[in-house]
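Asker: Just one file: input27.tsv, with TSV, C-alpha atoms and all ligand atoms.
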```tsv
chain	number	residue	atom	x	y	z
C	1	MET	CA	-7.68	12.27	-13.75
C	2	ALA	CA	-8.40	13.61	-10.32
C	3	VAL	CA	-6.81	13.80	-6.92
C	4	ARG	CA	-8.94	11.81	-4.49
C	5	LYS	CA	-9.35	12.38	-0.78
C	6	VAL	CA	-7.01	10.25	1.35
C	7	LEU	CA	-8.85	8.73	4.32
C	8	LYS	CA	-7.25	9.21	7.72
C	9	LEU	CA	-6.83	7.07	10.79
C	10	GLY	CA	-10.17	6.53	12.51
C	11	GLU	CA	-12.07	5.88	9.27
C	12	GLU	CA	-13.56	2.39	9.54
C	13	ILE	CA	-12.91	1.59	5.92
C	14	LEU	CA	-9.15	1.53	6.59
C	15	ARG	CA	-9.73	-1.45	8.88
C	16	LYS	CA	-11.68	-3.57	6.41
C	17	LYS	CA	-10.41	-6.32	4.14
C	18	SER	CA	-10.38	-5.53	0.44
C	19	LYS	CA	-11.81	-7.83	-2.24
C	20	LYS	CA	-10.04	-9.07	-5.33
C	21	VAL	CA	-10.37	-7.09	-8.54
C	22	VAL	CA	-12.36	-9.02	-11.14
C	23	ASP	CA	-13.22	-6.34	-13.72
C	24	PHE	CA	-10.32	-4.93	-15.71
C	25	ASP	CA	-12.23	-2.11	-17.34
C	26	GLU	CA	-12.25	1.65	-17.71
C	27	ASN	CA	-13.45	2.14	-14.16
C	28	LEU	CA	-10.35	0.38	-12.89
C	29	TRP	CA	-8.07	2.35	-15.21
C	30	SER	CA	-9.43	5.70	-14.13
C	31	LEU	CA	-9.19	4.65	-10.48
C	32	LEU	CA	-5.53	3.71	-11.01
C	33	ASP	CA	-4.84	7.03	-12.77
C	34	ASP	CA	-6.47	8.88	-9.87
C	35	MET	CA	-4.53	6.87	-7.31
C	36	ARG	CA	-1.25	7.65	-9.08
C	37	GLU	CA	-2.08	11.36	-9.14
C	38	THR	CA	-3.23	11.31	-5.51
C	39	MET	CA	-0.03	9.58	-4.39
C	40	TYR	CA	2.23	12.08	-6.19
C	41	GLU	CA	0.16	15.07	-5.05
C	42	ASN	CA	0.68	13.95	-1.43
C	43	ASP	CA	4.38	13.02	-1.89
C	44	GLY	CA	3.62	9.43	-0.96
C	45	MET	CA	5.62	6.33	-1.84
C	46	GLY	CA	2.53	4.19	-2.07
C	47	LEU	CA	-1.23	4.18	-1.91
C	48	ALA	CA	-3.75	1.37	-1.50
C	49	GLY	CA	-7.41	1.17	-2.53
C	50	PRO	CA	-8.91	1.51	0.97
C	51	GLN	CA	-7.03	4.79	1.47
C	52	VAL	CA	-9.24	6.34	-1.20
C	53	GLY	CA	-12.32	4.50	0.05
C	54	ILE	CA	-12.18	1.62	-2.44
C	55	LEU	CA	-12.11	-1.84	-0.85
C	56	ARG	CA	-10.37	-3.54	-3.75
C	57	ARG	CA	-6.94	-5.18	-3.86
C	58	ILE	CA	-5.13	-2.40	-5.71
C	59	ILE	CA	-1.86	-0.67	-4.87
C	60	VAL	CA	0.28	1.96	-6.56
C	61	MET	CA	3.83	2.69	-5.52
C	62	ASP	CA	6.83	4.78	-6.49
C	63	VAL	CA	10.10	3.33	-5.27
C	64	ASN	CA	13.47	4.61	-6.49
C	65	ASN	CA	11.71	6.54	-9.26
C	66	ASN	CA	9.98	3.47	-10.60
C	67	TYR	CA	6.21	3.51	-10.76
C	68	TYR	CA	4.29	0.30	-10.04
C	69	GLU	CA	0.64	-0.66	-10.30
C	70	LEU	CA	-0.08	-3.98	-8.62
C	71	ILE	CA	-3.52	-5.56	-8.68
C	72	ASN	CA	-4.40	-8.56	-6.51
C	73	PRO	CA	-0.81	-8.61	-5.16
C	74	GLU	CA	0.53	-11.52	-3.12
C	75	ILE	CA	3.92	-12.03	-1.51
C	76	ILE	CA	5.12	-15.41	-2.75
C	77	PHE	CA	8.63	-15.30	-1.29
C	78	GLN	CA	10.31	-13.34	1.47
C	79	GLU	CA	13.74	-13.35	3.00
C	80	GLY	CA	15.71	-11.54	5.68
C	81	GLU	CA	14.77	-8.72	8.00
C	82	ASP	CA	15.06	-4.98	7.84
C	83	ILE	CA	14.13	-2.42	10.47
C	84	ASP	CA	13.55	1.11	9.25
C	85	THR	CA	11.30	4.13	9.69
C	86	GLU	CA	7.89	4.13	8.07
C	87	GLY	CA	5.05	6.55	7.64
C	88	CYS	CA	1.66	6.55	5.97
C	89	LEU	CA	-0.51	9.15	4.25
C	90	SER	CA	-3.46	7.89	6.31
C	91	VAL	CA	-1.61	8.25	9.61
C	92	GLY	CA	-0.09	11.72	9.13
C	93	LYS	CA	3.06	13.03	10.76
C	94	PHE	CA	3.83	10.04	12.99
C	95	ASN	CA	6.78	7.93	11.78
C	96	ASP	CA	8.07	4.85	13.52
C	97	LYS	CA	10.32	1.85	13.13
C	98	VAL	CA	8.85	-1.31	11.63
C	99	LYS	CA	10.42	-4.68	10.98
C	100	ARG	CA	9.84	-5.95	7.45
C	101	PRO	CA	11.39	-8.62	5.23
C	102	TYR	CA	14.54	-7.42	3.46
C	103	LYS	CA	13.63	-9.05	0.18
C	104	VAL	CA	10.31	-10.09	-1.32
C	105	THR	CA	8.87	-11.48	-4.51
C	106	VAL	CA	5.41	-10.22	-5.30
C	107	LYS	CA	3.01	-11.77	-7.76
C	108	ALA	CA	0.21	-9.61	-9.15
C	109	VAL	CA	-1.49	-8.59	-12.37
C	110	ASP	CA	-1.34	-5.29	-14.20
C	111	ARG	CA	-4.29	-3.12	-15.28
C	112	TYR	CA	-4.91	-5.39	-18.28
C	113	ASN	CA	-4.87	-8.54	-16.14
C	114	TYR	CA	-1.43	-9.63	-17.39
C	115	PRO	CA	0.62	-11.44	-14.76
C	116	ILE	CA	3.58	-9.65	-13.16
C	117	GLU	CA	6.23	-10.98	-10.81
C	118	ILE	CA	8.73	-8.62	-9.20
C	119	THR	CA	11.52	-9.28	-6.76
C	120	GLY	CA	12.84	-6.31	-4.82
C	121	GLU	CA	14.84	-5.41	-1.76
C	122	LYS	CA	14.82	-2.88	1.06
C	123	TYR	CA	12.38	-0.01	0.25
C	124	PHE	CA	10.59	-1.97	-2.44
C	125	ALA	CA	10.01	-4.85	-0.02
C	126	ARG	CA	9.02	-2.44	2.77
C	127	CYS	CA	6.61	-0.52	0.59
C	128	VAL	CA	4.92	-3.53	-0.95
C	129	CYS	CA	4.42	-5.13	2.50
C	130	HIS	CA	3.01	-1.87	3.89
C	131	GLU	CA	0.57	-1.50	0.99
C	132	ILE	CA	-0.57	-5.14	1.06
C	133	ASP	CA	-1.22	-4.71	4.79
C	134	HIS	CA	-3.64	-1.88	3.88
C	135	LEU	CA	-5.60	-4.39	1.76
C	136	ASN	CA	-6.05	-6.47	4.90
C	137	GLY	CA	-7.05	-3.57	7.13
C	138	VAL	CA	-3.64	-3.42	8.79
C	139	LEU	CA	-1.74	-0.15	9.38
C	140	PHE	CA	1.98	0.22	10.11
C	141	VAL	CA	1.15	1.50	13.60
C	142	ASP	CA	-0.20	-1.97	14.41
C	143	LYS	CA	3.32	-3.34	13.93
C	144	SER	CA	5.65	-0.45	14.77
C	145	GLU	CA	7.70	-0.01	17.95
C	146	ASN	CA	5.53	2.71	19.51
C	147	GLY	CA	2.43	2.28	17.40
C	148	LYS	CA	0.18	0.84	20.08
C	149	GLU	CA	0.86	3.80	22.40
C	150	PHE	CA	0.31	6.18	19.51
C	151	LEU	CA	-3.13	4.65	18.79
C	152	LYS	CA	-3.99	4.73	22.48
C	153	GLU	CA	-3.02	8.40	22.83
C	154	ARG	CA	-5.04	9.29	19.77
C	155	GLY	CA	-7.95	7.18	20.98
C	156	VAL	CA	-8.41	5.56	17.56
C	157	LYS	CA	-8.30	2.05	16.21
S	1	NI	NI	0.07	3.58	4.23
```
What is this file in structure tokens?
Answerer:
Amino acid sequence: MAVRKVLKLGEEILRKKSKKVVDFDENLWSLLDDMRETMYENDGMGLAGPQVGILRRIIVMDVNNNYYELINPEIIFQEGEDIDTEGCLSVGKFNDKVKRPYKVTVKAVDRYNYPIEITGEKYFARCVCHEIDHLNGVLFVDKSENGKEFLKERGVK
């Protein structure tokens, strides 16, 4: 296992759309192990493929001391609204309020391509939405209250 470099705002790869995972092999497993280690090393709640330079639909998360690996994740149900503060390892110290669904059901597969379906509320829902956004090249600052000004000030996209 190894800690990988987390790409920061301004890196073009963060703005690209990730492709579905089709090979469930040792390369995927070592990537997932590295992503887990990288997330914990940086005290993150979640990490998505593009953040380590891999344009594949892979996310890892730790919410309420539960570790999740979600491959090819899709939100299949969402309900309610929740506004709370968010941050991102790729954005740095800036935190801002973002509106997210209060409750979601996510469908995905695990590292062995077995189907998973999880329903969660509040931070789980927030985190999974944030990470899936990464797979579509979207950052929380695109959606947050003061995000547009933040990007403008920084002169990055
Ligand atoms: Ni993030």
Asker: Using only C-alpha atoms, which residues sit within 8 Å of Met35 (chain C) once same-chain residues fewer than 6 positions away are excluded, as a list in words?
Answerer: Val3, Arg4, Leu47, Gly49, Val52 and Val60 of chain C
Asker: Go through chain C and flag each residue having an atom no more than 10 Å from ligand NI 1 (chain S); for those, report the closest pair of atoms plus their distance in Å to one decimal, using only C-alpha atoms and all ligand atoms, ordered by chain and rising number, as JSON lines.
Answerer:
```
{"residue": "C:Lys8", "atom": "CA", "partner": "S:NI1", "partner_atom": "NI", "distance": 9.9}
{"residue": "C:Leu14", "atom": "CA", "partner": "S:NI1", "partner_atom": "NI", "distance": 9.7}
{"residue": "C:Gly44", "atom": "CA", "partner": "S:NI1", "partner_atom": "NI", "distance": 8.6}
{"residue": "C:Met45", "atom": "CA", "partner": "S:NI1", "partner_atom": "NI", "distance": 8.7}
{"residue": "C:Gly46", "atom": "CA", "partner": "S:NI1", "partner_atom": "NI", "distance": 6.8}
{"residue": "C:Leu47", "atom": "CA", "partner": "S:NI1", "partner_atom": "NI", "distance": 6.3}
{"residue": "C:Ala48", "atom": "CA", "partner": "S:NI1", "partner_atom": "NI", "distance": 7.2}
{"residue": "C:Pro50", "atom": "CA", "partner": "S:NI1", "partner_atom": "NI", "distance": 9.8}
{"residue": "C:Gln51", "atom": "CA", "partner": "S:NI1", "partner_atom": "NI", "distance": 7.7}
{"residue": "C:Glu86", "atom": "CA", "partner": "S:NI1", "partner_atom": "NI", "distance": 8.7}
{"residue": "C:Gly87", "atom": "CA", "partner": "S:NI1", "partner_atom": "NI", "distance": 6.7}
{"residue": "C:Cys88", "atom": "CA", "partner": "S:NI1", "partner_atom": "NI", "distance": 3.8}
{"residue": "C:Leu89", "atom": "CA", "partner": "S:NI1", "partner_atom": "NI", "distance": 5.6}
{"residue": "C:Ser90", "atom": "CA", "partner": "S:NI1", "partner_atom": "NI", "distance": 5.9}
{"residue": "C:Val91", "atom": "CA", "partner": "S:NI1", "partner_atom": "NI", "distance": 7.3}
{"residue": "C:Gly92", "atom": "CA", "partner": "S:NI1", "partner_atom": "NI", "distance": 9.5}
{"residue": "C:Cys127", "atom": "CA", "partner": "S:NI1", "partner_atom": "NI", "distance": 8.5}
{"residue": "C:Cys129", "atom": "CA", "partner": "S:NI1", "partner_atom": "NI", "distance": 9.9}
{"residue": "C:His130", "atom": "CA", "partner": "S:NI1", "partner_atom": "NI", "distance": 6.2}
{"residue": "C:Glu131", "atom": "CA", "partner": "S:NI1", "partner_atom": "NI", "distance": 6.0}
{"residue": "C:Ile132", "atom": "CA", "partner": "S:NI1", "partner_atom": "NI", "distance": 9.3}
{"residue": "C:Asp133", "atom": "CA", "partner": "S:NI1", "partner_atom": "NI", "distance": 8.4}
{"residue": "C:His134", "atom": "CA", "partner": "S:NI1", "partner_atom": "NI", "distance": 6.6}
{"residue": "C:Val138", "atom": "CA", "partner": "S:NI1", "partner_atom": "NI", "distance": 9.1}
{"residue": "C:Leu139", "atom": "CA", "partner": "S:NI1", "partner_atom": "NI", "distance": 6.6}
{"residue": "C:Phe140", "atom": "CA", "partner": "S:NI1", "partner_atom": "NI", "distance": 7.0}
{"residue": "C:Val141", "atom": "CA", "partner": "S:NI1", "partner_atom": "NI", "distance": 9.7}
```
Asker: Using only C-alpha atoms, which of C:Glu12, C:Asp110, C:Glu69, C:Glu149 sits nearest Phe24 (chain C)?
Answerer: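 When distances to Phe24 (chain C) are compared using only C-alpha atoms, the smallest one comes from C:Asp110.
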Asker: Pick out the closest residue to Val104 (chain C) from this set: C:Ile76, C:Val21, C:Ile116, C:Val63. Count only C-alpha atoms.
Answerer: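 Counting only C-alpha atoms, the residue closest to Val104 (chain C) is C:Ile76.
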Asker: Kindly give the distance, in Å, that separates CA of Tyr114 (chain C) and CA of Trp29 (chain C), rounded to a single decimal.
Answerer: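 We find that CA of Tyr114 (chain C) and CA of Trp29 (chain C) lie 13.9 Å from each other.
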Asker: Would you compute the distance between CA of Lys157 (chain C) and CA of Leu9 (chain C)? Give it in Å to one decimal.
Answerer: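 Separation of CA of Lys157 (chain C) and CA of Leu9 (chain C): 7.5 Å.
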Asker: Using all atoms listed in the file, which protein or nucleic acid residues come within 10 Å of Tyr112 (chain C)? Drop anything in the same chain fewer than 3 positions from it, and give the result as a list in words.
Answerer: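 Final neighbour list, sorted by chain and number: Asp23, Phe24, Asp25, Leu28, Trp29, Ile71, Val109 and Pro115 of chain C.
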Asker: Considering only C-alpha atoms, state which residue in the set C:Lys97, C:Asn146, C:Tyr67, C:Asn136 is at the smallest distance from Ile13 (chain C).
Answerer: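 Checking each of C:Lys97, C:Asn146, C:Tyr67, C:Asn136 against Ile13 (chain C), counting only C-alpha atoms, the winner is C:Asn136.
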